[in-house]
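Chemist: Data file target_34.cif (mmCIF, C-alpha atoms) is appended below.
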```cif
data_input
loop_
_atom_site.label_atom_id
_atom_site.label_comp_id
_atom_site.auth_asym_id
_atom_site.auth_seq_id
_atom_site.Cartn_x
_atom_site.Cartn_y
_atom_site.Cartn_z
CA MET A 1 142.39 40.88 14.30
CA ILE A 2 145.21 39.47 12.20
CA GLN A 3 148.49 41.31 12.59
CA GLN A 4 150.25 42.94 9.62
CA TYR A 5 154.01 43.23 9.31
CA ARG A 6 156.60 44.29 6.82
CA TYR A 7 159.10 41.53 6.10
CA GLN A 8 162.01 43.33 7.71
CA ASP A 9 160.08 43.72 10.96
CA ILE A 10 159.37 40.04 11.68
CA CYS A 11 161.30 36.99 12.82
CA ILE A 12 160.69 34.04 10.52
CA ASP A 13 160.86 31.51 13.37
CA ASP A 14 157.90 33.25 15.01
CA ILE A 15 155.67 33.11 11.94
CA PHE A 16 154.33 29.61 12.49
CA HIS A 17 154.45 29.87 16.29
CA ARG A 18 157.38 27.46 16.49
CA THR A 19 158.11 26.96 20.17
CA GLU A 20 160.12 24.52 22.23
CA GLU A 21 158.40 21.36 23.44
CA LYS A 22 156.75 21.45 26.85
CA THR A 23 158.42 19.25 29.44
CA ASP A 24 155.14 18.56 31.23
CA ILE A 25 153.68 16.97 28.08
CA ALA A 26 156.83 14.91 27.55
CA ASP A 27 156.75 13.63 31.13
CA ALA A 28 153.04 12.81 31.02
CA VAL A 29 153.44 10.92 27.74
CA ALA A 30 156.44 8.98 29.05
CA GLY A 31 154.29 7.82 31.97
CA ILE A 32 151.47 6.68 29.68
CA LEU A 33 153.87 4.80 27.40
CA ALA A 34 155.44 2.98 30.35
CA ASP A 35 152.02 2.14 31.79
CA VAL A 36 150.70 0.64 28.54
CA ARG A 37 153.94 -1.23 27.95
CA ALA A 38 153.69 -2.80 31.41
CA ASN A 39 149.93 -3.30 31.73
CA GLY A 40 148.64 -3.70 28.17
CA ASP A 41 144.89 -3.78 27.64
CA GLU A 42 144.15 -2.98 31.28
CA ALA A 43 145.92 0.37 30.91
CA LEU A 44 144.20 1.06 27.59
CA LEU A 45 140.76 0.47 29.08
CA ARG A 46 141.61 2.66 32.05
CA TYR A 47 142.72 5.55 29.83
CA THR A 48 139.73 5.08 27.53
CA LYS A 49 137.43 5.50 30.52
CA GLN A 50 139.40 8.53 31.73
CA PHE A 51 139.78 10.42 28.45
CA ASP A 52 136.92 9.18 26.25
CA GLN A 53 134.27 8.53 28.90
CA ALA A 54 133.75 5.02 27.58
CA VAL A 55 134.19 1.47 28.86
CA PRO A 56 134.11 -0.74 25.74
CA SER A 57 133.42 -4.46 26.12
CA ARG A 58 136.14 -5.01 23.54
CA LEU A 59 138.81 -2.80 21.99
CA GLU A 60 138.47 -4.08 18.44
CA VAL A 61 135.64 -2.96 16.18
CA THR A 62 133.83 -6.01 14.85
CA ALA A 63 133.08 -6.81 11.22
CA ALA A 64 129.37 -6.40 11.96
CA GLU A 65 129.95 -2.93 13.42
CA ARG A 66 131.98 -1.94 10.37
CA LYS A 67 129.26 -3.12 8.01
CA ALA A 68 126.58 -1.34 10.04
CA ALA A 69 128.55 1.90 9.79
CA MET A 70 128.49 1.69 5.99
CA ASP A 71 124.71 1.47 6.14
CA LEU A 72 124.50 4.58 8.35
CA VAL A 73 126.40 6.86 5.97
CA ASP A 74 124.58 8.88 3.32
CA PRO A 75 125.04 7.01 -0.01
CA LYS A 76 125.98 10.30 -1.71
CA LEU A 77 128.77 10.80 0.81
CA LEU A 78 129.91 7.21 0.25
CA ASP A 79 130.18 7.96 -3.47
CA ILE A 80 132.29 11.05 -2.71
CA LEU A 81 134.58 9.01 -0.45
CA LYS A 82 134.95 6.37 -3.16
CA GLN A 83 135.80 8.96 -5.82
CA ALA A 84 138.32 10.60 -3.51
CA ALA A 85 139.85 7.18 -2.83
CA LYS A 86 140.12 6.57 -6.57
CA ASN A 87 141.87 9.92 -7.10
CA ILE A 88 144.29 9.25 -4.25
CA SER A 89 145.02 5.77 -5.56
CA THR A 90 145.62 6.97 -9.13
CA PHE A 91 148.13 9.57 -7.95
CA HIS A 92 150.01 7.27 -5.58
CA GLU A 93 150.24 4.40 -8.08
CA LYS A 94 152.73 6.60 -9.96
CA GLN A 95 155.03 6.50 -6.91
CA LYS A 96 155.63 2.74 -6.94
CA ARG A 97 159.26 1.66 -7.12
CA ASN A 98 160.67 -1.43 -8.79
CA ASP A 99 163.58 -3.72 -8.02
CA PHE A 100 166.65 -3.29 -10.20
CA VAL A 101 169.62 -5.50 -11.06
CA MET A 102 173.00 -4.43 -12.48
CA THR A 103 174.86 -7.31 -14.11
CA GLU A 104 178.52 -6.69 -14.92
CA GLN A 105 180.52 -8.75 -17.42
CA ASN A 106 183.24 -9.54 -14.89
CA GLY A 107 181.09 -11.71 -12.60
CA VAL A 108 179.52 -8.98 -10.48
CA ILE A 109 175.78 -8.68 -9.81
CA LEU A 110 174.42 -5.72 -7.83
CA GLY A 111 170.86 -4.69 -7.17
CA GLN A 112 168.12 -3.29 -5.01
CA LYS A 113 165.17 -5.22 -3.62
CA ILE A 114 161.94 -3.46 -2.61
CA THR A 115 160.03 -4.99 0.31
CA PRO A 116 156.79 -3.59 1.76
CA LEU A 117 156.51 -3.16 5.51
CA GLN A 118 154.75 -6.06 7.17
CA ARG A 119 152.39 -4.23 9.54
CA VAL A 120 151.56 -0.51 9.76
CA GLY A 121 149.55 1.46 12.32
CA ILE A 122 147.30 4.31 11.19
CA TYR A 123 146.33 6.84 13.87
CA VAL A 124 143.16 8.81 13.12
CA PRO A 125 142.29 11.76 15.42
CA GLY A 126 138.85 11.96 16.94
CA GLY A 127 138.88 15.24 18.83
CA THR A 128 137.12 18.40 17.70
CA ALA A 129 136.56 17.22 14.10
CA CYS A 130 136.04 14.07 12.04
CA TYR A 131 138.79 13.09 9.59
CA PRO A 132 137.79 10.38 7.08
CA SER A 133 140.21 12.09 4.69
CA THR A 134 143.08 11.05 6.97
CA VAL A 135 141.94 7.44 6.78
CA LEU A 136 142.08 7.52 2.98
CA MET A 137 145.33 9.47 2.72
CA ASP A 138 147.24 7.27 5.16
CA THR A 139 145.84 3.87 4.21
CA ILE A 140 145.79 3.94 0.40
CA PRO A 141 149.56 4.51 -0.12
CA ALA A 142 150.22 1.65 2.32
CA LYS A 143 147.92 -0.65 0.36
CA ILE A 144 149.60 0.31 -2.91
CA ALA A 145 153.01 -0.37 -1.37
CA GLY A 146 151.86 -3.89 -0.49
CA VAL A 147 151.73 -3.66 3.32
CA GLU A 148 150.45 -7.00 4.61
CA GLU A 149 148.34 -5.69 7.52
CA ILE A 150 147.04 -2.22 8.33
CA ILE A 151 145.91 -1.53 11.90
CA MET A 152 143.88 1.60 12.64
CA THR A 153 143.32 3.20 16.04
CA THR A 154 140.92 6.04 16.71
CA PRO A 155 139.25 7.30 19.89
CA ALA A 156 135.60 6.45 20.50
CA LYS A 157 134.27 9.49 22.34
CA GLY A 158 131.41 8.41 24.56
CA GLY A 159 131.91 4.88 23.25
CA LYS A 160 131.12 5.72 19.62
CA ILE A 161 133.28 6.08 16.52
CA ASN A 162 131.86 8.34 13.83
CA PRO A 163 130.45 5.95 11.20
CA VAL A 164 132.03 8.03 8.42
CA ILE A 165 135.46 7.13 9.83
CA LEU A 166 134.57 3.44 9.74
CA ALA A 167 133.15 3.77 6.23
CA ALA A 168 136.35 5.40 5.01
CA ALA A 169 138.32 2.55 6.58
CA GLU A 170 136.20 0.02 4.70
CA ILE A 171 136.69 1.85 1.41
CA ALA A 172 140.45 2.23 1.94
CA GLY A 173 141.00 -1.38 3.00
CA VAL A 174 141.99 -1.15 6.68
CA ASP A 175 142.38 -4.66 8.10
CA ARG A 176 141.68 -4.12 11.80
CA ILE A 177 140.28 -1.17 13.78
CA PHE A 178 140.65 -0.48 17.51
CA GLN A 179 138.71 2.09 19.53
CA VAL A 180 141.53 3.70 21.44
CA GLY A 181 143.14 7.11 21.02
CA GLY A 182 145.76 9.44 22.43
CA ALA A 183 149.29 8.62 23.52
CA GLN A 184 148.01 5.28 24.82
CA ALA A 185 147.10 4.23 21.26
CA ILE A 186 150.60 5.07 20.06
CA ALA A 187 152.01 2.99 22.93
CA ALA A 188 149.82 0.03 21.98
CA LEU A 189 150.90 0.22 18.34
CA ALA A 190 154.57 0.49 19.27
CA TYR A 191 154.76 -2.18 21.97
CA GLY A 192 151.69 -4.34 21.40
CA THR A 193 149.10 -5.45 23.97
CA GLU A 194 146.94 -8.52 24.43
CA SER A 195 144.52 -7.18 21.81
CA ILE A 196 146.54 -4.86 19.61
CA PRO A 197 149.55 -6.21 17.69
CA HIS A 198 152.71 -4.14 17.54
CA VAL A 199 153.47 -2.54 14.18
CA ASP A 200 156.57 -1.61 12.22
CA LYS A 201 155.56 1.98 11.52
CA ILE A 202 153.01 4.50 12.84
CA VAL A 203 151.57 7.23 10.63
CA GLY A 204 148.90 9.85 11.07
CA PRO A 205 148.36 13.21 12.78
CA GLY A 206 147.24 13.93 16.31
CA ASN A 207 147.33 16.41 19.15
CA ALA A 208 150.44 17.42 21.11
CA PHE A 209 150.27 14.23 23.21
CA VAL A 210 150.06 12.00 20.15
CA ALA A 211 152.92 13.85 18.47
CA GLU A 212 155.07 13.55 21.59
CA ALA A 213 154.24 9.84 21.90
CA LYS A 214 155.33 9.23 18.31
CA LYS A 215 158.55 11.06 19.03
CA GLN A 216 159.27 8.94 22.10
CA VAL A 217 158.56 5.55 20.47
CA PHE A 218 160.64 6.36 17.38
CA GLY A 219 163.42 3.80 17.23
CA LYS A 220 161.22 1.03 18.54
CA VAL A 221 159.09 1.67 15.47
CA SER A 222 159.36 4.01 12.51
CA ILE A 223 157.07 7.03 12.22
CA ASP A 224 156.05 9.26 9.35
CA MET A 225 156.88 12.61 10.97
CA ILE A 226 156.38 14.75 14.08
CA ALA A 227 153.43 16.79 12.88
CA GLY A 228 152.75 20.16 14.45
CA PRO A 229 149.69 22.42 14.08
CA SER A 230 148.43 22.92 10.54
CA GLU A 231 149.89 25.72 8.40
CA ILE A 232 149.01 27.58 5.24
CA LEU A 233 150.93 30.29 3.42
CA ILE A 234 149.30 32.16 0.55
CA LEU A 235 151.28 34.12 -2.03
CA ALA A 236 148.89 36.63 -3.59
CA ASP A 237 149.20 39.77 -5.70
CA ASP A 238 146.90 42.74 -6.26
CA THR A 239 144.73 40.83 -8.75
CA CYS A 240 143.43 38.47 -6.07
CA ASP A 241 139.95 38.44 -4.58
CA ALA A 242 140.19 39.30 -0.87
CA GLU A 243 137.10 37.28 0.01
CA ILE A 244 138.63 34.14 -1.52
CA VAL A 245 142.03 34.67 0.10
CA ALA A 246 140.40 35.15 3.51
CA ALA A 247 138.35 31.98 3.05
CA ASP A 248 141.49 30.02 2.20
CA LEU A 249 143.29 31.33 5.28
CA LEU A 250 140.35 30.29 7.45
CA SER A 251 140.31 26.81 5.91
CA GLN A 252 143.39 26.11 8.04
CA ALA A 253 142.66 28.44 10.95
CA GLU A 254 139.53 26.44 11.83
CA HIS A 255 141.64 23.29 12.38
CA ASP A 256 143.18 24.27 15.68
CA LYS A 257 143.74 27.29 17.90
CA MET A 258 147.45 26.81 17.24
CA ALA A 259 147.06 26.57 13.45
CA SER A 260 148.83 29.26 11.44
CA ALA A 261 147.52 31.11 8.39
CA VAL A 262 149.88 33.53 6.66
CA LEU A 263 149.36 35.84 3.69
CA VAL A 264 152.43 37.18 1.90
CA THR A 265 151.63 39.86 -0.65
CA ASP A 266 153.14 42.87 -2.37
CA SER A 267 149.77 44.67 -2.29
CA ALA A 268 148.92 46.86 0.71
CA ARG A 269 145.39 47.15 -0.66
CA LEU A 270 144.94 43.37 -0.67
CA ALA A 271 146.45 43.09 2.82
CA ASP A 272 143.90 45.52 4.24
CA ALA A 273 141.02 43.98 2.30
CA VAL A 274 141.84 40.45 3.47
CA SER A 275 142.10 41.61 7.08
CA ALA A 276 138.62 43.15 6.79
CA GLU A 277 137.23 40.00 5.13
CA LEU A 278 138.52 37.81 7.94
CA GLU A 279 136.52 39.87 10.41
CA LYS A 280 133.40 39.35 8.29
CA GLN A 281 133.83 35.61 7.80
CA ILE A 282 135.02 34.41 11.21
CA PRO A 283 131.72 35.04 13.09
CA LEU A 284 129.86 33.00 10.46
CA LEU A 285 131.90 29.83 11.05
CA PRO A 286 130.66 26.99 13.29
CA ARG A 287 134.22 26.75 14.62
CA ALA A 288 134.52 30.53 15.02
CA GLU A 289 136.14 30.34 18.46
CA ILE A 290 138.96 28.14 17.13
CA ALA A 291 139.42 30.22 13.99
CA ARG A 292 139.46 33.44 16.00
CA ALA A 293 142.21 32.17 18.29
CA SER A 294 144.28 31.00 15.34
CA ILE A 295 143.93 34.26 13.42
CA ASP A 296 144.58 36.51 16.42
CA THR A 297 147.54 34.67 17.94
CA CYS A 298 149.20 32.49 15.29
CA SER A 299 148.49 34.14 11.94
CA LYS A 300 149.98 37.08 10.06
CA VAL A 301 149.93 39.23 6.96
CA ILE A 302 153.40 40.00 5.62
CA LEU A 303 153.85 42.85 3.18
CA ALA A 304 156.68 42.16 0.72
CA GLU A 305 158.32 44.67 -1.60
CA SER A 306 157.65 42.44 -4.63
CA MET A 307 156.30 39.03 -5.52
CA GLU A 308 159.89 37.88 -6.05
CA GLN A 309 160.61 38.78 -2.43
CA ALA A 310 157.37 37.07 -1.43
CA VAL A 311 158.67 33.83 -2.95
CA GLU A 312 161.92 34.24 -1.01
CA ILE A 313 159.92 34.67 2.20
CA SER A 314 157.94 31.52 1.44
CA ASN A 315 161.13 29.53 0.88
CA GLU A 316 162.51 30.77 4.17
CA ILE A 317 159.37 29.72 6.02
CA ALA A 318 158.97 26.33 4.22
CA PRO A 319 155.20 26.02 4.79
CA GLU A 320 153.14 22.86 5.01
CA HIS A 321 150.59 24.17 2.46
CA LEU A 322 151.50 26.80 -0.11
CA GLU A 323 148.98 28.51 -2.36
CA ILE A 324 150.29 30.59 -5.25
CA CYS A 325 147.24 32.72 -6.03
CA VAL A 326 148.30 34.56 -9.16
CA ASP A 327 147.23 34.43 -12.80
CA ASN A 328 150.39 32.65 -13.97
CA PRO A 329 151.47 30.43 -11.07
CA PHE A 330 153.76 28.26 -13.20
CA ALA A 331 156.05 31.25 -13.58
CA TYR A 332 156.85 30.88 -9.86
CA LEU A 333 156.78 27.09 -9.48
CA ALA A 334 160.44 26.53 -10.39
CA LYS A 335 161.46 29.13 -7.79
CA ILE A 336 159.73 27.30 -4.93
CA LYS A 337 162.32 25.30 -3.00
CA HIS A 338 160.60 24.40 0.24
CA ALA A 339 156.91 23.52 0.62
CA GLY A 340 154.94 20.44 1.59
CA SER A 341 152.18 20.72 -1.01
CA ILE A 342 151.82 23.46 -3.61
CA PHE A 343 148.48 24.71 -4.96
CA LEU A 344 148.75 26.60 -8.22
CA GLY A 345 146.48 29.40 -9.38
CA LYS A 346 143.25 30.96 -8.23
CA HIS A 347 141.12 27.83 -8.61
CA ALA A 348 143.13 25.34 -6.52
CA PRO A 349 142.29 25.99 -2.85
CA GLU A 350 144.11 23.97 -0.23
CA ALA A 351 140.83 22.21 0.60
CA LEU A 352 141.01 20.56 -2.83
CA GLY A 353 144.14 18.76 -1.70
CA ASP A 354 142.79 17.93 1.73
CA TYR A 355 139.99 15.85 0.35
CA PHE A 356 139.87 15.07 -3.29
CA ALA A 357 142.62 15.89 -5.80
CA GLY A 358 144.88 12.92 -5.08
CA PRO A 359 148.25 14.14 -3.70
CA ASN A 360 148.70 13.28 -0.04
CA HIS A 361 147.62 15.70 2.66
CA THR A 362 149.89 14.27 5.38
CA LEU A 363 152.61 16.89 5.10
CA PRO A 364 155.71 18.22 6.88
CA THR A 365 155.07 21.10 9.29
CA GLY A 366 157.15 23.49 11.37
CA GLY A 367 159.63 24.26 8.60
CA THR A 368 160.53 20.60 8.08
CA ALA A 369 159.52 20.89 4.42
CA ARG A 370 163.12 22.08 4.02
CA PHE A 371 164.21 18.44 4.25
CA SER A 372 161.16 16.15 4.25
CA SER A 373 158.29 15.22 1.96
CA PRO A 374 154.58 14.40 1.96
CA LEU A 375 153.50 10.90 2.95
CA SER A 376 153.90 8.58 -0.01
CA VAL A 377 154.25 4.96 -1.09
CA ASP A 378 157.94 5.28 -0.20
CA ASP A 379 156.96 5.55 3.47
CA PHE A 380 155.67 1.98 3.43
CA ILE A 381 158.58 0.15 1.80
CA LYS A 382 162.13 -0.84 2.64
CA LYS A 383 164.99 -0.90 0.18
CA SER A 384 167.58 -3.66 0.53
CA SER A 385 170.70 -3.77 -1.59
CA PHE A 386 172.33 -7.03 -2.66
CA THR A 387 175.80 -7.91 -3.93
CA TYR A 388 177.15 -11.01 -5.70
CA TYR A 389 180.78 -11.54 -6.79
CA THR A 390 182.33 -14.62 -8.34
CA ALA A 391 185.64 -15.81 -6.90
CA GLU A 392 187.46 -14.37 -9.89
CA ALA A 393 185.74 -11.01 -9.52
CA LEU A 394 186.66 -10.82 -5.82
CA CYS A 395 190.30 -11.65 -6.56
CA CYS A 396 190.42 -8.84 -9.11
CA VAL A 397 189.64 -6.21 -6.47
CA GLY A 398 190.77 -8.00 -3.32
CA ASN A 399 194.10 -6.22 -2.86
CA GLN A 400 192.34 -2.86 -3.07
CA ILE A 401 189.89 -3.86 -0.37
CA VAL A 402 192.66 -5.15 1.89
CA ARG A 403 194.57 -1.90 1.47
CA PHE A 404 191.44 0.12 2.25
CA ALA A 405 190.82 -1.93 5.42
CA GLN A 406 194.40 -1.44 6.56
CA GLU A 407 194.02 2.32 6.19
CA GLU A 408 191.06 2.22 8.57
CA GLY A 409 192.91 -0.04 11.01
CA LEU A 410 190.37 -2.86 10.63
CA GLN A 411 192.53 -5.93 10.11
CA ALA A 412 189.68 -8.46 10.29
CA HIS A 413 187.93 -6.73 7.40
CA GLY A 414 191.00 -7.22 5.26
CA ASN A 415 191.43 -10.79 6.45
CA ALA A 416 187.93 -11.70 5.31
CA VAL A 417 189.03 -10.90 1.77
CA ALA A 418 192.66 -12.03 1.95
CA ILE A 419 191.78 -15.52 3.21
CA ARG A 420 189.41 -16.05 0.30
CA MET A 421 192.05 -14.89 -2.16
CA LYS A 422 194.62 -17.27 -0.65
CA LYS A 423 192.27 -20.29 -0.75
CA GLU A 424 191.27 -19.49 -4.31
CA LYS A 425 194.90 -19.44 -5.47
CA ASN A 426 195.64 -22.73 -3.64
CA ILE A 427 192.73 -24.33 -5.46
#
```
Can you present the structure in this file as structure tokens?
Modeler:
Amino acid sequence: MIQQYRYQDICIDDIFHRTEEKTDIADAVAGILADVRANGDEALLRYTKQFDQAVPSRLEVTAAERKAAMDLVDPKLLDILKQAAKNISTFHEKQKRNDFVMTEQNGVILGQKITPLQRVGIYVPGGTACYPSTVLMDTIPAKIAGVEEIIMTTPAKGGKINPVILAAAEIAGVDRIFQVGGAQAIAALAYGTESIPHVDKIVGPGNAFVAEAKKQVFGKVSIDMIAGPSEILILADDTCDAEIVAADLLSQAEHDKMASAVLVTDSARLADAVSAELEKQIPLLPRAEIARASIDTCSKVILAESMEQAVEISNEIAPEHLEICVDNPFAYLAKIKHAGSIFLGKHAPEALGDYFAGPNHTLPTGGTARFSSPLSVDDFIKKSSFTYYTAEALCCVGNQIVRFAQEEGLQAHGNAVAIRMKKEKNI
């Protein structure tokens, strides 16, 4: 049974079950990373046998296997994947950045140069569910950014990758696919092995071991974020349908036993009705055991004094997914300061964003929406600045630079300018 609280009776840090990392996971992951770094493919094959009960003859999925997977997928599902890919592409095309140049009349040229990352690794989970949506969401922005090569890793449980995953990779434009998962896949992407090339950045969700591995390789490579269990927060008033609100809460609760689903409402009637609806709907779900654990241990109903206070609570929590289930959601949109992705109104369930609408579903969790953003084209580019001064332009500001350098006690900095000024005057 989901627990109900009044706002003043709950600690915000406990709402999304935010706990300290477990040292045993960190130590285990560190060992796997070191093993793969030292032993390459041999270690990957050993871990694949141990964790996935498979001994592949090769780590890379062949072109023939990728084509065969397309033929195995229901054509109607392929059409849905293609339409979703189109929607995602259309949205992310708007995020593209351009170079800019500032030309001054006094001989100064300044600017910014946009360069796509050369090689990116996409991690796709393969545990208790199948995630072709992750393939699309993580690959398409990288393609739009102009990434030269996209490498995907995903576990092959029992030696098989779900053909829908491979089909999504074909549609999205993944260049190479490797059947390896877990922390060992992150190690391979970060350090490279005989078969898997090292990448510049790793993106994609995973379990606690994958998240920890991404954390430990950060610095050797870039990562998108340290993603925790999925979260949803629903702001709802007395006009809402309890059956719909309960269904939306369960859309995240079924992800993981550690997933968090939170309702914040000013209606005691709705709070009670949603709690009752959850008890009706959970037994009907194929993943009822997972949803039950999430609802009972990691989920809550918070009763606010008003919808204005409910918005304040949401901002304090900074949820991954935020649904504003009211008749006029745009009245609240400007007041939302911290949320990964916002779903407005009674006809925009979070599932719409997970699969089809277009905005990215790789989102900040654990309150990190206070300072980070959804995955975007920006995650797959670098920005370099450039500066050009003529000799005359440098001489005009040279004394100021020398004085600045002296103030910081960095004589050589000042000399680099002063010598040029002296030579220019001698000329």
Chemist: Name every residue that the PyMOL selection byres ((chain A and resi 369) around 9) selects in this structure, writing the answer as a PyMOL selection string with chains first and numbers rising.
Modeler: chain A and resi 317-320+338-340+363-368+370-374
Chemist: Tell me, as number ranges by chain, which residues lie within 12 Å of Glu148 in chain A, counting only C-alpha atoms; anything in the same chain fewer than 5 positions away does not count.
Modeler: A: 115-121, 139, 142-143, 173-176, 199-200, 380-381
Chemist: Find the spatial neighbours of Leu33 in chain A, counting only C-alpha atoms, within a cut-off of 9 Å - ignore same-chain residues fewer than 5 positions away - and output them as a ChimeraX atom specification.
Modeler: /A:28,38,183-184,186-188,191,213,216-217
Chemist: Under the PyMOL selection byres ((chain A and resi 256-264) around 7), which residues of this model are included? Write them out as a list in words.
Modeler: Phe16, Pro229, Ser230, Glu231, Ile232, Leu233, Ile234, Leu235, Ala236, Leu249, Gln252, Ala253, Glu254, His255, Thr265, Ile290, Ala291, Ala293, Ser294, Ile295, Cys298, Ser299, Lys300, Val301, Ile302, Leu303, Ala304 and Ala310 of chain A
Chemist: At what distance in Å, to one decimal, does CA of Lys215 in chain A lie from CA of Gln53 in chain A?
Modeler: 26.3 Å
Chemist: Tell me which residues the PyMOL selection byres ((chain A and resi 98) around 12) grabs here, as a list in words.
Modeler: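 Going through the file, the PyMOL selection byres ((chain A and resi 98) around 12) ends up selecting Glu93, Lys94, Gln95, Lys96, Arg97, Asp99, Phe100, Val101, Gly111, Gln112, Lys113, Ile114, Thr115, Pro116, Ala145, Val377, Asp378, Ile381, Lys382, Lys383 and Ser384 of chain A.
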